[in-house]
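Let me begin by presenting the structure, written as structure tokens, before commenting on it.
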Amino acid sequence: MKKELNHLLGCILLLLSIPAQAQKEKVVGFWAVENVKVGEENMTPVAKWFKINQDGTYQAGNGWLQNGEGHWDFDAKTNKYAAQDNLDVEDDFGDFDVSFTGEKMIFEREEEGMHVKVILVPTEKLPMSPTDYLEGIWDLVEITENEQSILNEFDGEGKHKLFIRWDRIYINFSPEGKRLSGYWHINGHRPEITLLPIKEIRALKAGKSKWMKRN
């Protein structure tokens, strides 16, 4: 009788654990961020993705660049998702509440008095960001001023070119044959590039600083 009772209790506990395990399984996968809303403002990052693995690890990035990894945990009783970056960067805002709508996964929490809502959708490949397709040589095909084309006056012979290099250096070939170089930067939330000419960047002339990269 006691043996049968223990077997029955074991079956009940197993049945109770199945929904919790199933909910945790739904978190695992390759996810692309579809939308991020902070308060009333859209703060969706460009081509953001997360790969949440069965073994409790995760990777994250933007486009073809991986820029984060660590460990995650999911509490099926409270439906809360917690992640810890391997760099031990403290997350002051706590865990995310997790819910599902169809195939979409939704993360929500409060940050500095504002409600944050992250919508993720399943994906099979890395999303492409502007950084991934910018590299290469670009020809100037149009330039306007006051909504009027000035291409013929600015570059009538089609000599103006822009070389975007993988190492964040750009070279601007002017119509006069000059080579102007600098650094390029992509906005993390908009498809917007900023070009910083080297001649306008002042070098640090005094003092030293020493840095060590975290493992």
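Ordered as shown in the structure tokens, chains take letters A, B, and onward, while each chain numbers its residues from 1 and ligands are numbered from 1 in the order shown.
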Each residue of range 56-171 of chain A lying at most 10 Å from range 187-196 of chain A should get a row with its shortest atom-to-atom pair and the distance in Å to one decimal, counting only C-alpha atoms; could you produce that, ordered by chain and increasing number, as CSV?
residue,atom,partner,partner_atom,distance
A:Asn62,CA,A:Gly188,CA,8.8
A:Ser129,CA,A:Pro191,CA,8.2
A:Pro130,CA,A:Pro191,CA,6.3
A:Thr131,CA,A:Pro191,CA,9.1
A:Leu134,CA,A:Ile193,CA,9.5
A:Arg168,CA,A:Leu195,CA,9.8
A:Ile169,CA,A:Leu195,CA,9.2
A:Tyr170,CA,A:Leu195,CA,7.9
Backbone DSSP call of strand (DSSP E or B) for range 18-212 of chain A, listed as an mmCIF file with N, CA and C atoms, in the first residue's frame:
data_model
loop_
_atom_site.group_PDB
_atom_site.id
_atom_site.type_symbol
_atom_site.label_atom_id
_atom_site.label_comp_id
_atom_site.auth_asym_id
_atom_site.auth_seq_id
_atom_site.Cartn_x
_atom_site.Cartn_y
_atom_site.Cartn_z
ATOM 1 N N GLY A 29 15.280 29.078 -27.754
ATOM 2 C CA GLY A 29 15.166 29.275 -29.195
ATOM 3 C C GLY A 29 16.022 30.415 -29.687
ATOM 4 N N PHE A 30 15.897 30.681 -30.964
ATOM 5 C CA PHE A 30 16.621 31.758 -31.643
ATOM 6 C C PHE A 30 15.621 32.876 -31.893
ATOM 7 N N TRP A 31 15.831 34.038 -31.258
ATOM 8 C CA TRP A 31 14.835 35.102 -31.248
ATOM 9 C C TRP A 31 15.395 36.403 -31.823
ATOM 10 N N ALA A 32 14.573 37.086 -32.611
ATOM 11 C CA ALA A 32 14.896 38.427 -33.103
ATOM 12 C C ALA A 32 13.978 39.428 -32.411
ATOM 13 N N VAL A 33 14.532 40.565 -32.030
ATOM 14 C CA VAL A 33 13.733 41.592 -31.356
ATOM 15 C C VAL A 33 12.921 42.352 -32.404
ATOM 16 N N GLU A 34 11.619 42.267 -32.281
ATOM 17 C CA GLU A 34 10.718 42.938 -33.226
ATOM 18 C C GLU A 34 10.416 44.378 -32.809
ATOM 19 N N ASN A 35 10.269 44.575 -31.503
ATOM 20 C CA ASN A 35 9.907 45.908 -31.022
ATOM 21 C C ASN A 35 10.281 46.060 -29.555
ATOM 22 N N VAL A 36 10.782 47.244 -29.203
ATOM 23 C CA VAL A 36 11.051 47.589 -27.809
ATOM 24 C C VAL A 36 10.398 48.943 -27.528
ATOM 25 N N LYS A 37 9.565 48.962 -26.518
ATOM 26 C CA LYS A 37 8.896 50.213 -26.140
ATOM 27 C C LYS A 37 9.241 50.535 -24.693
ATOM 28 N N VAL A 38 9.770 51.737 -24.474
ATOM 29 C CA VAL A 38 10.103 52.220 -23.135
ATOM 30 C C VAL A 38 9.190 53.400 -22.851
ATOM 31 N N GLU A 41 7.928 55.664 -25.788
ATOM 32 C CA GLU A 41 8.944 55.842 -26.838
ATOM 33 C C GLU A 41 9.387 54.505 -27.416
ATOM 34 N N ASN A 42 9.501 54.490 -28.744
ATOM 35 C CA ASN A 42 10.007 53.301 -29.423
ATOM 36 C C ASN A 42 11.528 53.301 -29.349
ATOM 37 N N LYS A 48 18.617 43.387 -33.452
ATOM 38 C CA LYS A 48 18.977 42.735 -32.193
ATOM 39 C C LYS A 48 18.460 41.298 -32.155
ATOM 40 N N TRP A 49 19.269 40.386 -31.633
ATOM 41 C CA TRP A 49 18.860 38.985 -31.544
ATOM 42 C C TRP A 49 19.378 38.346 -30.259
ATOM 43 N N PHE A 50 18.702 37.266 -29.870
ATOM 44 C CA PHE A 50 19.109 36.455 -28.721
ATOM 45 C C PHE A 50 18.996 34.980 -29.107
ATOM 46 N N LYS A 51 19.989 34.208 -28.731
ATOM 47 C CA LYS A 51 19.932 32.759 -28.876
ATOM 48 C C LYS A 51 19.941 32.165 -27.479
ATOM 49 N N ILE A 52 18.800 31.644 -27.061
ATOM 50 C CA ILE A 52 18.637 31.099 -25.716
ATOM 51 C C ILE A 52 18.726 29.580 -25.814
ATOM 52 N N THR A 57 22.700 28.561 -21.302
ATOM 53 C CA THR A 57 23.544 29.657 -21.791
ATOM 54 C C THR A 57 22.784 30.450 -22.851
ATOM 55 N N TYR A 58 23.271 31.651 -23.124
ATOM 56 C CA TYR A 58 22.675 32.449 -24.196
ATOM 57 C C TYR A 58 23.762 33.265 -24.883
ATOM 58 N N GLN A 59 23.481 33.646 -26.121
ATOM 59 C CA GLN A 59 24.302 34.595 -26.860
ATOM 60 C C GLN A 59 23.379 35.705 -27.372
ATOM 61 N N ALA A 60 23.965 36.896 -27.560
ATOM 62 C CA ALA A 60 23.175 38.023 -28.052
ATOM 63 C C ALA A 60 24.035 38.869 -28.975
ATOM 64 N N GLY A 61 23.388 39.637 -29.838
ATOM 65 C CA GLY A 61 24.145 40.485 -30.753
ATOM 66 C C GLY A 61 23.262 41.392 -31.572
ATOM 67 N N ASN A 62 23.910 42.121 -32.463
ATOM 68 C CA ASN A 62 23.230 42.979 -33.422
ATOM 69 C C ASN A 62 23.759 42.635 -34.807
ATOM 70 N N LEU A 65 27.160 40.663 -35.677
ATOM 71 C CA LEU A 65 28.096 40.847 -34.569
ATOM 72 C C LEU A 65 27.501 40.303 -33.277
ATOM 73 N N GLN A 66 28.194 39.358 -32.654
ATOM 74 C CA GLN A 66 27.812 38.907 -31.319
ATOM 75 C C GLN A 66 28.478 39.815 -30.304
ATOM 76 N N ASN A 67 27.679 40.375 -29.394
ATOM 77 C CA ASN A 67 28.239 41.294 -28.411
ATOM 78 C C ASN A 67 27.825 40.970 -26.975
ATOM 79 N N GLY A 68 27.319 39.767 -26.768
ATOM 80 C CA GLY A 68 26.957 39.385 -25.411
ATOM 81 C C GLY A 68 26.783 37.883 -25.274
ATOM 82 N N GLU A 69 27.073 37.362 -24.090
ATOM 83 C CA GLU A 69 26.830 35.958 -23.788
ATOM 84 C C GLU A 69 26.784 35.799 -22.280
ATOM 85 N N GLY A 70 26.121 34.756 -21.853
ATOM 86 C CA GLY A 70 26.017 34.541 -20.417
ATOM 87 C C GLY A 70 25.127 33.359 -20.106
ATOM 88 N N HIS A 71 24.499 33.404 -18.921
ATOM 89 C CA HIS A 71 23.633 32.331 -18.464
ATOM 90 C C HIS A 71 22.243 32.884 -18.159
ATOM 91 N N TRP A 72 21.244 32.031 -18.296
ATOM 92 C CA TRP A 72 19.864 32.454 -18.057
ATOM 93 C C TRP A 72 19.144 31.440 -17.181
ATOM 94 N N ASP A 73 18.040 31.905 -16.580
ATOM 95 C CA ASP A 73 17.204 31.014 -15.778
ATOM 96 C C ASP A 73 15.751 31.462 -15.932
ATOM 97 N N PHE A 74 14.854 30.507 -15.817
ATOM 98 C CA PHE A 74 13.426 30.811 -15.944
ATOM 99 C C PHE A 74 12.684 30.166 -14.792
ATOM 100 N N ASP A 75 11.917 30.973 -14.056
ATOM 101 C CA ASP A 75 11.108 30.479 -12.945
ATOM 102 C C ASP A 75 9.695 30.248 -13.469
ATOM 103 N N LYS A 80 9.169 34.298 -14.688
ATOM 104 C CA LYS A 80 10.193 35.343 -14.739
ATOM 105 C C LYS A 80 11.478 34.802 -15.369
ATOM 106 N N TYR A 81 12.066 35.636 -16.226
ATOM 107 C CA TYR A 81 13.300 35.297 -16.928
ATOM 108 C C TYR A 81 14.423 36.162 -16.382
ATOM 109 N N ALA A 82 15.536 35.516 -16.013
ATOM 110 C CA ALA A 82 16.702 36.235 -15.485
ATOM 111 C C ALA A 82 17.922 35.867 -16.309
ATOM 112 N N ALA A 83 18.757 36.855 -16.598
ATOM 113 C CA ALA A 83 19.980 36.620 -17.371
ATOM 114 C C ALA A 83 21.157 37.273 -16.667
ATOM 115 N N GLN A 84 22.294 36.596 -16.724
ATOM 116 C CA GLN A 84 23.522 37.120 -16.139
ATOM 117 C C GLN A 84 24.612 37.110 -17.193
ATOM 118 N N ASP A 85 25.101 38.294 -17.566
ATOM 119 C CA ASP A 85 26.167 38.409 -18.563
ATOM 120 C C ASP A 85 27.459 37.841 -17.997
ATOM 121 N N PHE A 96 12.666 39.795 -16.010
ATOM 122 C CA PHE A 96 11.576 40.109 -16.928
ATOM 123 C C PHE A 96 10.390 39.185 -16.664
ATOM 124 N N ASP A 97 9.189 39.738 -16.709
ATOM 125 C CA ASP A 97 7.980 38.922 -16.748
ATOM 126 C C ASP A 97 7.816 38.417 -18.176
ATOM 127 N N VAL A 98 7.540 37.126 -18.333
ATOM 128 C CA VAL A 98 7.460 36.504 -19.652
ATOM 129 C C VAL A 98 6.026 36.088 -19.957
ATOM 130 N N SER A 99 5.586 36.381 -21.176
ATOM 131 C CA SER A 99 4.292 35.905 -21.652
ATOM 132 C C SER A 99 4.417 35.574 -23.136
ATOM 133 N N PHE A 100 3.420 34.895 -23.672
ATOM 134 C CA PHE A 100 3.446 34.488 -25.067
ATOM 135 C C PHE A 100 2.128 34.870 -25.739
ATOM 136 N N THR A 101 2.265 35.371 -26.963
ATOM 137 C CA THR A 101 1.098 35.643 -27.806
ATOM 138 C C THR A 101 1.350 34.997 -29.151
ATOM 139 N N LYS A 104 4.982 34.697 -30.661
ATOM 140 C CA LYS A 104 5.796 35.777 -30.120
ATOM 141 C C LYS A 104 6.009 35.615 -28.614
ATOM 142 N N MET A 105 7.204 35.981 -28.151
ATOM 143 C CA MET A 105 7.516 35.999 -26.723
ATOM 144 C C MET A 105 7.643 37.454 -26.283
ATOM 145 N N ILE A 106 7.101 37.755 -25.120
ATOM 146 C CA ILE A 106 7.072 39.139 -24.639
ATOM 147 C C ILE A 106 7.761 39.225 -23.283
ATOM 148 N N PHE A 107 8.734 40.130 -23.194
ATOM 149 C CA PHE A 107 9.411 40.437 -21.934
ATOM 150 C C PHE A 107 8.906 41.792 -21.440
ATOM 151 N N GLU A 108 8.612 41.888 -20.138
ATOM 152 C CA GLU A 108 8.153 43.164 -19.572
ATOM 153 C C GLU A 108 8.733 43.359 -18.180
ATOM 154 N N ARG A 109 9.053 44.623 -17.864
ATOM 155 C CA ARG A 109 9.496 45.002 -16.532
ATOM 156 C C ARG A 109 9.465 46.519 -16.413
ATOM 157 N N GLU A 110 9.759 47.028 -15.230
ATOM 158 C CA GLU A 110 9.824 48.464 -14.987
ATOM 159 C C GLU A 110 11.284 48.901 -14.916
ATOM 160 N N GLU A 111 11.595 50.002 -15.590
ATOM 161 C CA GLU A 111 12.934 50.583 -15.551
ATOM 162 C C GLU A 111 12.829 52.088 -15.319
ATOM 163 N N MET A 114 9.466 53.583 -15.750
ATOM 164 C CA MET A 114 8.818 53.428 -17.048
ATOM 165 C C MET A 114 8.632 51.951 -17.373
ATOM 166 N N HIS A 115 7.511 51.661 -18.014
ATOM 167 C CA HIS A 115 7.229 50.285 -18.392
ATOM 168 C C HIS A 115 7.993 49.937 -19.671
ATOM 169 N N VAL A 116 8.686 48.808 -19.628
ATOM 170 C CA VAL A 116 9.463 48.349 -20.783
ATOM 171 C C VAL A 116 8.819 47.077 -21.325
ATOM 172 N N LYS A 117 8.585 47.074 -22.625
ATOM 173 C CA LYS A 117 7.982 45.908 -23.275
ATOM 174 C C LYS A 117 8.826 45.523 -24.480
ATOM 175 N N VAL A 118 9.310 44.275 -24.481
ATOM 176 C CA VAL A 118 10.149 43.762 -25.559
ATOM 177 C C VAL A 118 9.398 42.622 -26.247
ATOM 178 N N ILE A 119 9.209 42.742 -27.551
ATOM 179 C CA ILE A 119 8.540 41.690 -28.318
ATOM 180 C C ILE A 119 9.579 40.977 -29.176
ATOM 181 N N LEU A 120 9.655 39.653 -29.006
ATOM 182 C CA LEU A 120 10.612 38.843 -29.752
ATOM 183 C C LEU A 120 9.866 37.853 -30.645
ATOM 184 N N VAL A 121 10.429 37.596 -31.821
ATOM 185 C CA VAL A 121 9.830 36.648 -32.748
ATOM 186 C C VAL A 121 10.878 35.596 -33.122
ATOM 187 N N PRO A 122 10.439 34.367 -33.386
ATOM 188 C CA PRO A 122 11.400 33.326 -33.779
ATOM 189 C C PRO A 122 12.078 33.675 -35.106
ATOM 190 N N GLY A 136 32.264 48.443 -48.248
ATOM 191 C CA GLY A 136 32.457 48.413 -49.693
ATOM 192 C C GLY A 136 32.650 49.807 -50.249
ATOM 193 N N ILE A 137 32.677 49.914 -51.572
ATOM 194 C CA ILE A 137 32.850 51.200 -52.256
ATOM 195 C C ILE A 137 31.502 51.676 -52.783
ATOM 196 N N TRP A 138 31.177 52.924 -52.477
ATOM 197 C CA TRP A 138 29.896 53.504 -52.863
ATOM 198 C C TRP A 138 30.120 54.689 -53.814
ATOM 199 N N ASP A 139 29.329 54.735 -54.897
ATOM 200 C CA ASP A 139 29.356 55.851 -55.837
ATOM 201 C C ASP A 139 28.260 56.840 -55.487
ATOM 202 N N THR A 144 21.267 66.579 -52.981
ATOM 203 C CA THR A 144 20.279 67.656 -53.107
ATOM 204 C C THR A 144 20.554 68.776 -52.123
ATOM 205 N N GLU A 145 20.066 69.932 -52.463
ATOM 206 C CA GLU A 145 20.105 71.117 -51.596
ATOM 207 C C GLU A 145 18.799 71.845 -51.779
ATOM 208 N N GLN A 148 16.529 70.318 -54.253
ATOM 209 C CA GLN A 148 16.897 70.394 -55.669
ATOM 210 C C GLN A 148 18.226 69.665 -55.888
ATOM 211 N N SER A 149 18.319 68.921 -56.982
ATOM 212 C CA SER A 149 19.532 68.182 -57.273
ATOM 213 C C SER A 149 20.675 69.123 -57.644
ATOM 214 N N LYS A 161 33.607 59.127 -54.543
ATOM 215 C CA LYS A 161 33.377 57.775 -54.047
ATOM 216 C C LYS A 161 33.608 57.737 -52.535
ATOM 217 N N LEU A 162 32.955 56.784 -51.898
ATOM 218 C CA LEU A 162 33.095 56.598 -50.448
ATOM 219 C C LEU A 162 33.426 55.130 -50.188
ATOM 220 N N PHE A 163 34.576 54.903 -49.568
ATOM 221 C CA PHE A 163 35.028 53.542 -49.250
ATOM 222 C C PHE A 163 34.793 53.299 -47.770
ATOM 223 N N ILE A 164 33.846 52.404 -47.459
ATOM 224 C CA ILE A 164 33.547 52.037 -46.073
ATOM 225 C C ILE A 164 34.303 50.758 -45.743
ATOM 226 N N ILE A 169 36.954 52.508 -40.517
ATOM 227 C CA ILE A 169 37.592 53.630 -41.194
ATOM 228 C C ILE A 169 36.880 53.858 -42.523
ATOM 229 N N TYR A 170 36.688 55.127 -42.898
ATOM 230 C CA TYR A 170 36.159 55.416 -44.227
ATOM 231 C C TYR A 170 37.152 56.301 -44.967
ATOM 232 N N ILE A 171 37.144 56.206 -46.288
ATOM 233 C CA ILE A 171 37.953 57.078 -47.146
ATOM 234 C C ILE A 171 37.017 57.741 -48.145
ATOM 235 N N ASN A 172 37.017 59.050 -48.130
ATOM 236 C CA ASN A 172 36.139 59.836 -48.999
ATOM 237 C C ASN A 172 36.975 60.394 -50.155
ATOM 238 N N PHE A 173 36.706 59.932 -51.378
ATOM 239 C CA PHE A 173 37.410 60.422 -52.561
ATOM 240 C C PHE A 173 36.603 61.573 -53.145
ATOM 241 N N ARG A 179 41.822 62.668 -50.949
ATOM 242 C CA ARG A 179 41.426 61.546 -50.091
ATOM 243 C C ARG A 179 41.253 62.055 -48.663
ATOM 244 N N LEU A 180 40.038 61.995 -48.162
ATOM 245 C CA LEU A 180 39.738 62.423 -46.802
ATOM 246 C C LEU A 180 39.281 61.191 -46.024
ATOM 247 N N SER A 181 39.896 60.953 -44.888
ATOM 248 C CA SER A 181 39.556 59.750 -44.124
ATOM 249 C C SER A 181 39.039 60.099 -42.737
ATOM 250 N N GLY A 182 38.419 59.124 -42.115
ATOM 251 C CA GLY A 182 37.875 59.317 -40.778
ATOM 252 C C GLY A 182 37.275 58.021 -40.266
ATOM 253 N N TYR A 183 36.451 58.155 -39.237
ATOM 254 C CA TYR A 183 35.804 57.002 -38.620
ATOM 255 C C TYR A 183 34.308 57.056 -38.879
ATOM 256 N N TRP A 184 33.693 55.885 -38.995
ATOM 257 C CA TRP A 184 32.243 55.837 -39.180
ATOM 258 C C TRP A 184 31.580 55.089 -38.031
ATOM 259 N N HIS A 185 30.344 55.492 -37.742
ATOM 260 C CA HIS A 185 29.616 54.927 -36.607
ATOM 261 C C HIS A 185 28.141 54.796 -36.980
ATOM 262 N N ILE A 186 27.549 53.664 -36.588
ATOM 263 C CA ILE A 186 26.139 53.411 -36.849
ATOM 264 C C ILE A 186 25.330 53.608 -35.574
ATOM 265 N N ILE A 193 24.124 56.728 -40.210
ATOM 266 C CA ILE A 193 25.577 56.671 -40.122
ATOM 267 C C ILE A 193 26.132 58.058 -39.812
ATOM 268 N N THR A 194 27.151 58.100 -38.957
ATOM 269 C CA THR A 194 27.856 59.336 -38.640
ATOM 270 C C THR A 194 29.297 59.199 -39.107
ATOM 271 N N LEU A 195 29.781 60.191 -39.862
ATOM 272 C CA LEU A 195 31.158 60.205 -40.339
ATOM 273 C C LEU A 195 31.950 61.232 -39.546
ATOM 274 N N LEU A 196 33.062 60.809 -38.956
ATOM 275 C CA LEU A 196 33.894 61.679 -38.127
ATOM 276 C C LEU A 196 35.246 61.863 -38.801
ATOM 277 N N PRO A 197 35.450 63.003 -39.488
ATOM 278 C CA PRO A 197 36.742 63.233 -40.159
ATOM 279 C C PRO A 197 37.894 63.232 -39.164
#
Requested in this report: Please identify all polymer residues within 7 Å of Pro175 in chain A, counting only C-alpha atoms, omitting same-chain residues fewer than 4 positions from it, and present them as JSON, numbers by chain.
Outcome: {"A": [155, 159, 160]}
From CA of Glu112 in chain A to CA of Glu40 in chain A the spacing works out at 13.6 Å
Between CA of Gly63 in chain A and CA of Pro45 in chain A, what is the distance in Å, rounded to a tenth?
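CA of Pro45 in chain A lies at a distance of 10.3 Å from CA of Gly63 in chain A.
Relative to CA of Glu135 in chain A, CA of Asp167 in chain A is found at 9.4 Å.
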- [ ] Report as number ranges by chain: the residues of range 62-157 of chain A with a DSSP assignment of helix (DSSP H, G or I), based on the backbone of this structure.
- [x] A: 130-134, 151-155
